[in-house]
Amino acid sequence: MTKIVYIEHSGKSHSINVQNGLTVMEGAIQNNIPGIDADCGGSMACATCHVYVKEEWFDKLPKKEDGEEDMLDMAFEPNKFSRLSCQLIVTDELDGLIVQLPSKQT
Amino acid sequence: MIKTDALIIGAGPTGLFTAHQLKLIGLDCEVVDNLDKIGGQCIELYPDKPIYDIPAIPECTGEELTNSLIKQLKPFNIKFHLSERVDEVKNNNGKWEVKTNKGTLFNTPNIIIAGGVGSFEPRKFAPKECERFEEKSIFYSIKDKTIFKDKTVSIFGGGDSALDWAVELSKNSKVNLIHRRDEFRGAQSTVNKMNELKKAGKINLYTKYQLKNVKGSENIESIDIEHDNKEVTNLKTDFILGFFGLIMQLGPIANWGLNLNKKTINVDTEKFETNQKGIYAVGDICNYPGKLKLILSGFHEGALAARACFKLAKPNEKYRFEFTTSSKTIKNRLGIKSD
């Protein structure tokens with residue numbers, strides 16, 4: 001189990017233990033964290049699991065694959081710390097990861 | 001008013017196979033889809049991505065799967081109403097009256113919702129004030145390009161739509177192309193063309209910028225765009241166009257009195273019927289204990305919902321289960337000569 005902190009746009013924080021191997025998106029969906037839609041179910045086809053990774057964590061994450069940056073063009077208000085949470089696989093290295101959720105996904 | 005035995009909402013793989021099942025058992029059906037083409041998510045989201053879990057098909061792309069399903073429907077004459085969204089559903093004496101956003105009316109005992117994650121709508125600009133300029137100064141698709149002649153048009157986006165329109169409109173308009181990063185995901189040939197036009201002064205390119213706000217009273221007069229480094233630039237513009245792809249929204253389905261669970265519709269697992277008699281939900285949009293969002297599950301759900309339609313469409317006949325391998329009636333429907 002790895003601790004992932006999801007911070008809603010309102011500032012409400014959820015500290016969740018997520019099983020390694022799941023994605024940050026799945027951790028949110030399985031624990032009913034509002035603010036992540038994941039319409040396409042994790043096939044990197046919709047940009048509705050968009051999160052802003054807390055700055056100090058951003059460079060510690062595995063780099064984006066080609067398709068992810070393309071998909072982020074379609075996210076709601078992306079910035080340079082944007083990631084698709086369906087592409088972030090939970091491992092021990094991510095213990096304490098903080099992601100902020102956008103005001104909406106669509 | 002179109003009378004049909006069953007109306008299918010959604011022309012994705014589940015909707016297509018459900019249509020096949022209905023025709024096979026001798027029921028009429030018509031299909032409505034908000035997209036301008038058949039195929040649903042398979043065509044809109046991942047036409048080139050390989051799928052590996054369709055039974056008996058080791059590998060195929062979303063587009064290939066769609067084409068095969070269309071081919072399978074070829075023996076039947078099915079009417080598709082594309083670029084139409086079902087807006088209203090009303091009960092009238094046990095039949096459903098259905099109205100689309102284009103005014104098409106259906107009267108049917110059965111509605112099968114095969115709507116995936118809802119209808120595809122263009123993804124819109126973030127600033128709130130954009131809404132009131134929609135269809136006046138702000139567009140997400142172009143119906144009549146002549147209105148842009150000799151005007152300034154600011155185009156947002158980095159895919160093929162944004163690039164194609166930037167190139168096309170630069171012939172007769174002043175074009176600003178604004179994108180959130182340096183790379184474009186459109187076809188390389190179009191990117192090259194756009195860069196040539198930029199060098200020739202025909203297109204003003206702003207990368208690492210996003211829309212911050214729009215200014216104007218009746219129509220837009222100017223926009224502020226913000227660079228990644230927070231620097232703001234004001235651009236005079238008559239129109240803005242946004243090409244950020246499509247999003248899925250449940251849309252009007254939410255108002256039809258169905259039992260919803262987040263963005264899905266609760267159904268039983270015998271008929272895949274909702275809490276409303278004669279309205280079924282199949283594929284990704286339906287929900288029941290154990291539901292898997294797989295294409296193969298949608299096929300199964302559609303096959304059962306189609307059988308359930310029979311009773312309401314032909315109340316005086318009894319449905320008889322038959323195999324396609326042996327039934328003469330089914331072979332006739334398929335247009336196969338049996339000897």
# chains A, B, ... in the order shown; residues from 1 in each chain; ligands from 1
>>> select_by_dssp(residues="chain A", states="alpha helix (DSSP H)", output="ChimeraX atom specification")
/A:24-30,55-58,66-72
>>> write_last_selection(atoms="N, CA and C atoms", output="PDB file, in the first residue's frame")
ATOM      1  N   VAL A  24      -3.045   5.876 -10.352  1.00  0.00           N
ATOM      2  CA  VAL A  24      -3.527   6.947  -9.474  1.00  0.00           C
ATOM      3  C   VAL A  24      -5.006   7.215  -9.772  1.00  0.00           C
ATOM      4  N   MET A  25      -5.402   7.056 -11.049  1.00  0.00           N
ATOM      5  CA  MET A  25      -6.809   7.207 -11.420  1.00  0.00           C
ATOM      6  C   MET A  25      -7.662   6.149 -10.732  1.00  0.00           C
ATOM      7  N   GLU A  26      -7.232   4.886 -10.809  1.00  0.00           N
ATOM      8  CA  GLU A  26      -8.018   3.808 -10.203  1.00  0.00           C
ATOM      9  C   GLU A  26      -8.150   3.999  -8.692  1.00  0.00           C
ATOM     10  N   GLY A  27      -7.068   4.471  -8.068  1.00  0.00           N
ATOM     11  CA  GLY A  27      -7.114   4.748  -6.632  1.00  0.00           C
ATOM     12  C   GLY A  27      -8.217   5.741  -6.304  1.00  0.00           C
ATOM     13  N   ALA A  28      -8.374   6.742  -7.166  1.00  0.00           N
ATOM     14  CA  ALA A  28      -9.408   7.759  -6.939  1.00  0.00           C
ATOM     15  C   ALA A  28     -10.799   7.184  -7.173  1.00  0.00           C
ATOM     16  N   ILE A  29     -10.973   6.457  -8.262  1.00  0.00           N
ATOM     17  CA  ILE A  29     -12.300   5.927  -8.613  1.00  0.00           C
ATOM     18  C   ILE A  29     -12.761   4.928  -7.544  1.00  0.00           C
ATOM     19  N   GLN A  30     -11.859   4.028  -7.156  1.00  0.00           N
ATOM     20  CA  GLN A  30     -12.253   2.999  -6.187  1.00  0.00           C
ATOM     21  C   GLN A  30     -12.576   3.576  -4.819  1.00  0.00           C
ATOM     22  N   GLU A  55       4.385  20.239  -7.535  1.00  0.00           N
ATOM     23  CA  GLU A  55       5.645  20.585  -8.198  1.00  0.00           C
ATOM     24  C   GLU A  55       6.820  19.680  -7.797  1.00  0.00           C
ATOM     25  N   GLU A  56       7.006  19.477  -6.485  1.00  0.00           N
ATOM     26  CA  GLU A  56       8.198  18.735  -6.048  1.00  0.00           C
ATOM     27  C   GLU A  56       8.150  17.271  -6.471  1.00  0.00           C
ATOM     28  N   TRP A  57       6.963  16.805  -6.863  1.00  0.00           N
ATOM     29  CA  TRP A  57       6.826  15.419  -7.285  1.00  0.00           C
ATOM     30  C   TRP A  57       6.971  15.233  -8.792  1.00  0.00           C
ATOM     31  N   PHE A  58       6.774  16.318  -9.528  1.00  0.00           N
ATOM     32  CA  PHE A  58       6.613  16.181 -10.976  1.00  0.00           C
ATOM     33  C   PHE A  58       7.788  15.469 -11.644  1.00  0.00           C
ATOM     34  N   ASP A  66       4.289   9.460 -25.605  1.00  0.00           N
ATOM     35  CA  ASP A  66       3.866  10.421 -26.642  1.00  0.00           C
ATOM     36  C   ASP A  66       2.393  10.785 -26.543  1.00  0.00           C
ATOM     37  N   GLY A  67       1.575   9.756 -26.494  1.00  0.00           N
ATOM     38  CA  GLY A  67       0.132   9.974 -26.560  1.00  0.00           C
ATOM     39  C   GLY A  67      -0.415  10.791 -25.409  1.00  0.00           C
ATOM     40  N   GLU A  68       0.273  10.755 -24.279  1.00  0.00           N
ATOM     41  CA  GLU A  68      -0.277  11.454 -23.118  1.00  0.00           C
ATOM     42  C   GLU A  68      -0.257  12.967 -23.318  1.00  0.00           C
ATOM     43  N   GLU A  69       0.849  13.475 -23.857  1.00  0.00           N
ATOM     44  CA  GLU A  69       0.928  14.924 -24.086  1.00  0.00           C
ATOM     45  C   GLU A  69      -0.132  15.361 -25.096  1.00  0.00           C
ATOM     46  N   ASP A  70      -0.325  14.555 -26.129  1.00  0.00           N
ATOM     47  CA  ASP A  70      -1.367  14.867 -27.122  1.00  0.00           C
ATOM     48  C   ASP A  70      -2.726  14.946 -26.453  1.00  0.00           C
ATOM     49  N   MET A  71      -2.961  13.974 -25.588  1.00  0.00           N
ATOM     50  CA  MET A  71      -4.268  13.908 -24.928  1.00  0.00           C
ATOM     51  C   MET A  71      -4.454  15.087 -23.983  1.00  0.00           C
ATOM     52  N   LEU A  72      -3.348  15.526 -23.367  1.00  0.00           N
ATOM     53  CA  LEU A  72      -3.456  16.655 -22.426  1.00  0.00           C
ATOM     54  C   LEU A  72      -3.845  17.949 -23.130  1.00  0.00           C
TER      55      LEU A  72
END
>>> select_by_dssp(residues="stretch 105-136 of chain B", states="strand (DSSP E)", output="PDB file with C-alpha atoms, in the first residue's frame")
ATOM      1  CA  LEU B 105     -40.043  12.124 -34.320  1.00  0.00           C
ATOM      2  CA  PHE B 106     -40.244   8.429 -33.567  1.00  0.00           C
ATOM      3  CA  ASN B 107     -43.029   6.315 -32.141  1.00  0.00           C
ATOM      4  CA  THR B 108     -41.800   3.003 -30.777  1.00  0.00           C
ATOM      5  CA  ASN B 110     -38.834  -0.085 -27.437  1.00  0.00           C
ATOM      6  CA  ILE B 111     -35.876   2.210 -26.912  1.00  0.00           C
ATOM      7  CA  ILE B 112     -32.444   0.666 -26.538  1.00  0.00           C
ATOM      8  CA  ILE B 113     -29.864   3.059 -25.143  1.00  0.00           C
ATOM      9  CA  SER B 119     -23.056  11.854 -26.387  1.00  0.00           C
ATOM     10  CA  PHE B 120     -19.947  13.452 -27.787  1.00  0.00           C
ATOM     11  CA  GLU B 121     -19.882  17.217 -27.494  1.00  0.00           C
ATOM     12  CA  PRO B 122     -17.084  19.621 -28.394  1.00  0.00           C
TER      13      PRO B 122
END
>>> interface_residues(of="chain A", to="chain B", cutoff="12 Å", atoms="only C-alpha atoms", output="PyMOL selection string")
chain A and resi 29+32+34+37-48+66-82+102-106
>>> residues_around(residues="B:Ile25", least_positions_apart="6", cutoff="10 Å", atoms="only C-alpha atoms", output="list in words")
Ala306, Arg307, Phe310, Tyr319, Arg320, Phe321, Glu322, Thr329, Ile330 and Arg333 of chain B
>>> residues_around(residues="B:Glu231", least_positions_apart="5", cutoff="10 Å", atoms="only C-alpha atoms", output="number ranges by chain")
B: 209, 225-226
>>> residues_around(residues="B:Asn332", least_positions_apart="6", cutoff="12 Å", atoms="only C-alpha atoms", output="list in words")
Lys23, Leu24, Ile25, Gly26, Pro75, Phe76, Thr324, Thr325, Ser326, Ser338 and Asp339 of chain B
>>> residues_around(residues="A:Asp95", least_positions_apart="6", cutoff="9 Å", atoms="only C-alpha atoms", output="PyMOL selection string")
chain A and resi 1-4
>>> write_last_selection(atoms="N, CA and C atoms", output="PDB file, in the first residue's frame")
ATOM      1  N   MET A   1       0.837  -1.205   0.000  1.00  0.00           N
ATOM      2  CA  MET A   1       0.000   0.000   0.000  1.00  0.00           C
ATOM      3  C   MET A   1       0.877   1.263   0.000  1.00  0.00           C
ATOM      4  N   THR A   2       0.480   2.199  -0.829  1.00  0.00           N
ATOM      5  CA  THR A   2       1.244   3.430  -0.964  1.00  0.00           C
ATOM      6  C   THR A   2       0.299   4.593  -0.731  1.00  0.00           C
ATOM      7  N   LYS A   3       0.766   5.574  -0.018  1.00  0.00           N
ATOM      8  CA  LYS A   3      -0.114   6.700   0.300  1.00  0.00           C
ATOM      9  C   LYS A   3      -0.123   7.705  -0.863  1.00  0.00           C
ATOM     10  N   ILE A   4      -1.333   7.997  -1.342  1.00  0.00           N
ATOM     11  CA  ILE A   4      -1.490   9.016  -2.377  1.00  0.00           C
ATOM     12  C   ILE A   4      -2.427  10.085  -1.804  1.00  0.00           C
TER      13      ILE A   4
END
>>> residues_around(residues="B:Glu59", least_positions_apart="5", cutoff="12 Å", atoms="only C-alpha atoms", output="ChimeraX atom specification")
/B:48-54,64-65
>>> write_last_selection(atoms="N, CA and C atoms", output="PDB file, in the first residue's frame")
ATOM      1  N   ASP B  48      -7.339   3.812 -34.564  1.00  0.00           N
ATOM      2  CA  ASP B  48      -6.102   3.117 -34.949  1.00  0.00           C
ATOM      3  C   ASP B  48      -5.554   2.212 -33.851  1.00  0.00           C
ATOM      4  N   LYS B  49      -6.194   2.248 -32.687  1.00  0.00           N
ATOM      5  CA  LYS B  49      -5.652   1.437 -31.587  1.00  0.00           C
ATOM      6  C   LYS B  49      -6.118  -0.001 -31.716  1.00  0.00           C
ATOM      7  N   PRO B  50      -5.182  -0.949 -31.581  1.00  0.00           N
ATOM      8  CA  PRO B  50      -5.595  -2.345 -31.684  1.00  0.00           C
ATOM      9  C   PRO B  50      -6.377  -2.798 -30.448  1.00  0.00           C
ATOM     10  N   ILE B  51      -7.393  -3.618 -30.693  1.00  0.00           N
ATOM     11  CA  ILE B  51      -8.179  -4.230 -29.618  1.00  0.00           C
ATOM     12  C   ILE B  51      -7.846  -5.717 -29.662  1.00  0.00           C
ATOM     13  N   TYR B  52      -7.625  -6.319 -28.483  1.00  0.00           N
ATOM     14  CA  TYR B  52      -7.181  -7.717 -28.459  1.00  0.00           C
ATOM     15  C   TYR B  52      -8.186  -8.670 -27.830  1.00  0.00           C
ATOM     16  N   ASP B  53      -9.340  -8.142 -27.388  1.00  0.00           N
ATOM     17  CA  ASP B  53     -10.237  -9.028 -26.645  1.00  0.00           C
ATOM     18  C   ASP B  53     -11.631  -9.136 -27.244  1.00  0.00           C
ATOM     19  N   ILE B  54     -11.708  -9.137 -28.562  1.00  0.00           N
ATOM     20  CA  ILE B  54     -12.968  -9.461 -29.223  1.00  0.00           C
ATOM     21  C   ILE B  54     -12.899 -10.972 -29.511  1.00  0.00           C
ATOM     22  N   GLU B  64     -11.425  -1.108 -37.889  1.00  0.00           N
ATOM     23  CA  GLU B  64     -11.692  -2.412 -38.517  1.00  0.00           C
ATOM     24  C   GLU B  64     -12.907  -3.081 -37.891  1.00  0.00           C
ATOM     25  N   LEU B  65     -13.014  -2.981 -36.575  1.00  0.00           N
ATOM     26  CA  LEU B  65     -14.155  -3.587 -35.890  1.00  0.00           C
ATOM     27  C   LEU B  65     -15.458  -2.943 -36.384  1.00  0.00           C
TER      28      LEU B  65
END
>>> closest_residue(among="A:Leu22, A:Tyr6, A:Ile98, A:Asp92", to="A:Ile36", atoms="only C-alpha atoms")
A:Tyr6
>>> decode(residues="stretch 8-32 of chain B", atoms="N, CA and C atoms", output="PDB file, in the first residue's frame")
ATOM      1  N   ILE B   8     -32.695   2.497 -31.552  1.00  0.00           N
ATOM      2  CA  ILE B   8     -31.410   2.344 -30.865  1.00  0.00           C
ATOM      3  C   ILE B   8     -30.739   3.708 -30.774  1.00  0.00           C
ATOM      4  N   ILE B   9     -30.303   4.072 -29.592  1.00  0.00           N
ATOM      5  CA  ILE B   9     -29.583   5.324 -29.421  1.00  0.00           C
ATOM      6  C   ILE B   9     -28.110   4.983 -29.263  1.00  0.00           C
ATOM      7  N   GLY B  10     -27.331   5.340 -30.277  1.00  0.00           N
ATOM      8  CA  GLY B  10     -25.899   5.045 -30.229  1.00  0.00           C
ATOM      9  C   GLY B  10     -25.497   4.062 -31.315  1.00  0.00           C
ATOM     10  N   ALA B  11     -24.574   4.493 -32.171  1.00  0.00           N
ATOM     11  CA  ALA B  11     -24.135   3.645 -33.287  1.00  0.00           C
ATOM     12  C   ALA B  11     -22.734   3.113 -33.062  1.00  0.00           C
ATOM     13  N   GLY B  12     -22.387   2.864 -31.814  1.00  0.00           N
ATOM     14  CA  GLY B  12     -21.107   2.221 -31.502  1.00  0.00           C
ATOM     15  C   GLY B  12     -21.239   0.719 -31.709  1.00  0.00           C
ATOM     16  N   PRO B  13     -20.208  -0.053 -31.357  1.00  0.00           N
ATOM     17  CA  PRO B  13     -20.270  -1.497 -31.610  1.00  0.00           C
ATOM     18  C   PRO B  13     -21.490  -2.176 -30.983  1.00  0.00           C
ATOM     19  N   THR B  14     -21.832  -1.784 -29.756  1.00  0.00           N
ATOM     20  CA  THR B  14     -22.985  -2.413 -29.110  1.00  0.00           C
ATOM     21  C   THR B  14     -24.283  -2.078 -29.851  1.00  0.00           C
ATOM     22  N   GLY B  15     -24.466  -0.828 -30.209  1.00  0.00           N
ATOM     23  CA  GLY B  15     -25.667  -0.424 -30.942  1.00  0.00           C
ATOM     24  C   GLY B  15     -25.771  -1.153 -32.272  1.00  0.00           C
ATOM     25  N   LEU B  16     -24.635  -1.307 -32.959  1.00  0.00           N
ATOM     26  CA  LEU B  16     -24.642  -1.959 -34.271  1.00  0.00           C
ATOM     27  C   LEU B  16     -25.013  -3.437 -34.146  1.00  0.00           C
ATOM     28  N   PHE B  17     -24.415  -4.119 -33.178  1.00  0.00           N
ATOM     29  CA  PHE B  17     -24.715  -5.542 -33.046  1.00  0.00           C
ATOM     30  C   PHE B  17     -26.147  -5.754 -32.536  1.00  0.00           C
ATOM     31  N   THR B  18     -26.624  -4.843 -31.712  1.00  0.00           N
ATOM     32  CA  THR B  18     -28.012  -4.923 -31.248  1.00  0.00           C
ATOM     33  C   THR B  18     -28.964  -4.779 -32.439  1.00  0.00           C
ATOM     34  N   ALA B  19     -28.652  -3.893 -33.357  1.00  0.00           N
ATOM     35  CA  ALA B  19     -29.461  -3.726 -34.567  1.00  0.00           C
ATOM     36  C   ALA B  19     -29.484  -5.043 -35.344  1.00  0.00           C
ATOM     37  N   HIS B  20     -28.326  -5.681 -35.438  1.00  0.00           N
ATOM     38  CA  HIS B  20     -28.223  -6.962 -36.124  1.00  0.00           C
ATOM     39  C   HIS B  20     -29.138  -8.001 -35.468  1.00  0.00           C
ATOM     40  N   GLN B  21     -29.103  -8.054 -34.163  1.00  0.00           N
ATOM     41  CA  GLN B  21     -29.919  -9.021 -33.429  1.00  0.00           C
ATOM     42  C   GLN B  21     -31.412  -8.757 -33.621  1.00  0.00           C
ATOM     43  N   LEU B  22     -31.793  -7.498 -33.619  1.00  0.00           N
ATOM     44  CA  LEU B  22     -33.210  -7.152 -33.819  1.00  0.00           C
ATOM     45  C   LEU B  22     -33.676  -7.595 -35.202  1.00  0.00           C
ATOM     46  N   LYS B  23     -32.878  -7.285 -36.223  1.00  0.00           N
ATOM     47  CA  LYS B  23     -33.266  -7.622 -37.597  1.00  0.00           C
ATOM     48  C   LYS B  23     -33.314  -9.140 -37.776  1.00  0.00           C
ATOM     49  N   LEU B  24     -32.403  -9.823 -37.121  1.00  0.00           N
ATOM     50  CA  LEU B  24     -32.337 -11.276 -37.232  1.00  0.00           C
ATOM     51  C   LEU B  24     -33.627 -11.933 -36.720  1.00  0.00           C
ATOM     52  N   ILE B  25     -34.199 -11.367 -35.667  1.00  0.00           N
ATOM     53  CA  ILE B  25     -35.424 -11.959 -35.134  1.00  0.00           C
ATOM     54  C   ILE B  25     -36.670 -11.309 -35.727  1.00  0.00           C
ATOM     55  N   GLY B  26     -36.471 -10.507 -36.761  1.00  0.00           N
ATOM     56  CA  GLY B  26     -37.616 -10.012 -37.522  1.00  0.00           C
ATOM     57  C   GLY B  26     -38.216  -8.708 -37.037  1.00  0.00           C
ATOM     58  N   LEU B  27     -37.439  -7.935 -36.288  1.00  0.00           N
ATOM     59  CA  LEU B  27     -37.941  -6.630 -35.845  1.00  0.00           C
ATOM     60  C   LEU B  27     -37.270  -5.510 -36.642  1.00  0.00           C
ATOM     61  N   ASP B  28     -38.016  -4.434 -36.842  1.00  0.00           N
ATOM     62  CA  ASP B  28     -37.463  -3.235 -37.479  1.00  0.00           C
ATOM     63  C   ASP B  28     -36.699  -2.427 -36.448  1.00  0.00           C
ATOM     64  N   CYS B  29     -35.729  -1.678 -36.918  1.00  0.00           N
ATOM     65  CA  CYS B  29     -35.117  -0.721 -35.999  1.00  0.00           C
ATOM     66  C   CYS B  29     -34.491   0.421 -36.778  1.00  0.00           C
ATOM     67  N   GLU B  30     -34.326   1.534 -36.105  1.00  0.00           N
ATOM     68  CA  GLU B  30     -33.581   2.663 -36.643  1.00  0.00           C
ATOM     69  C   GLU B  30     -32.578   3.091 -35.576  1.00  0.00           C
ATOM     70  N   VAL B  31     -31.530   3.785 -36.032  1.00  0.00           N
ATOM     71  CA  VAL B  31     -30.442   4.130 -35.111  1.00  0.00           C
ATOM     72  C   VAL B  31     -30.182   5.637 -35.153  1.00  0.00           C
ATOM     73  N   VAL B  32     -30.047   6.231 -33.989  1.00  0.00           N
ATOM     74  CA  VAL B  32     -29.715   7.651 -33.894  1.00  0.00           C
ATOM     75  C   VAL B  32     -28.349   7.787 -33.249  1.00  0.00           C
TER      76      VAL B  32
END
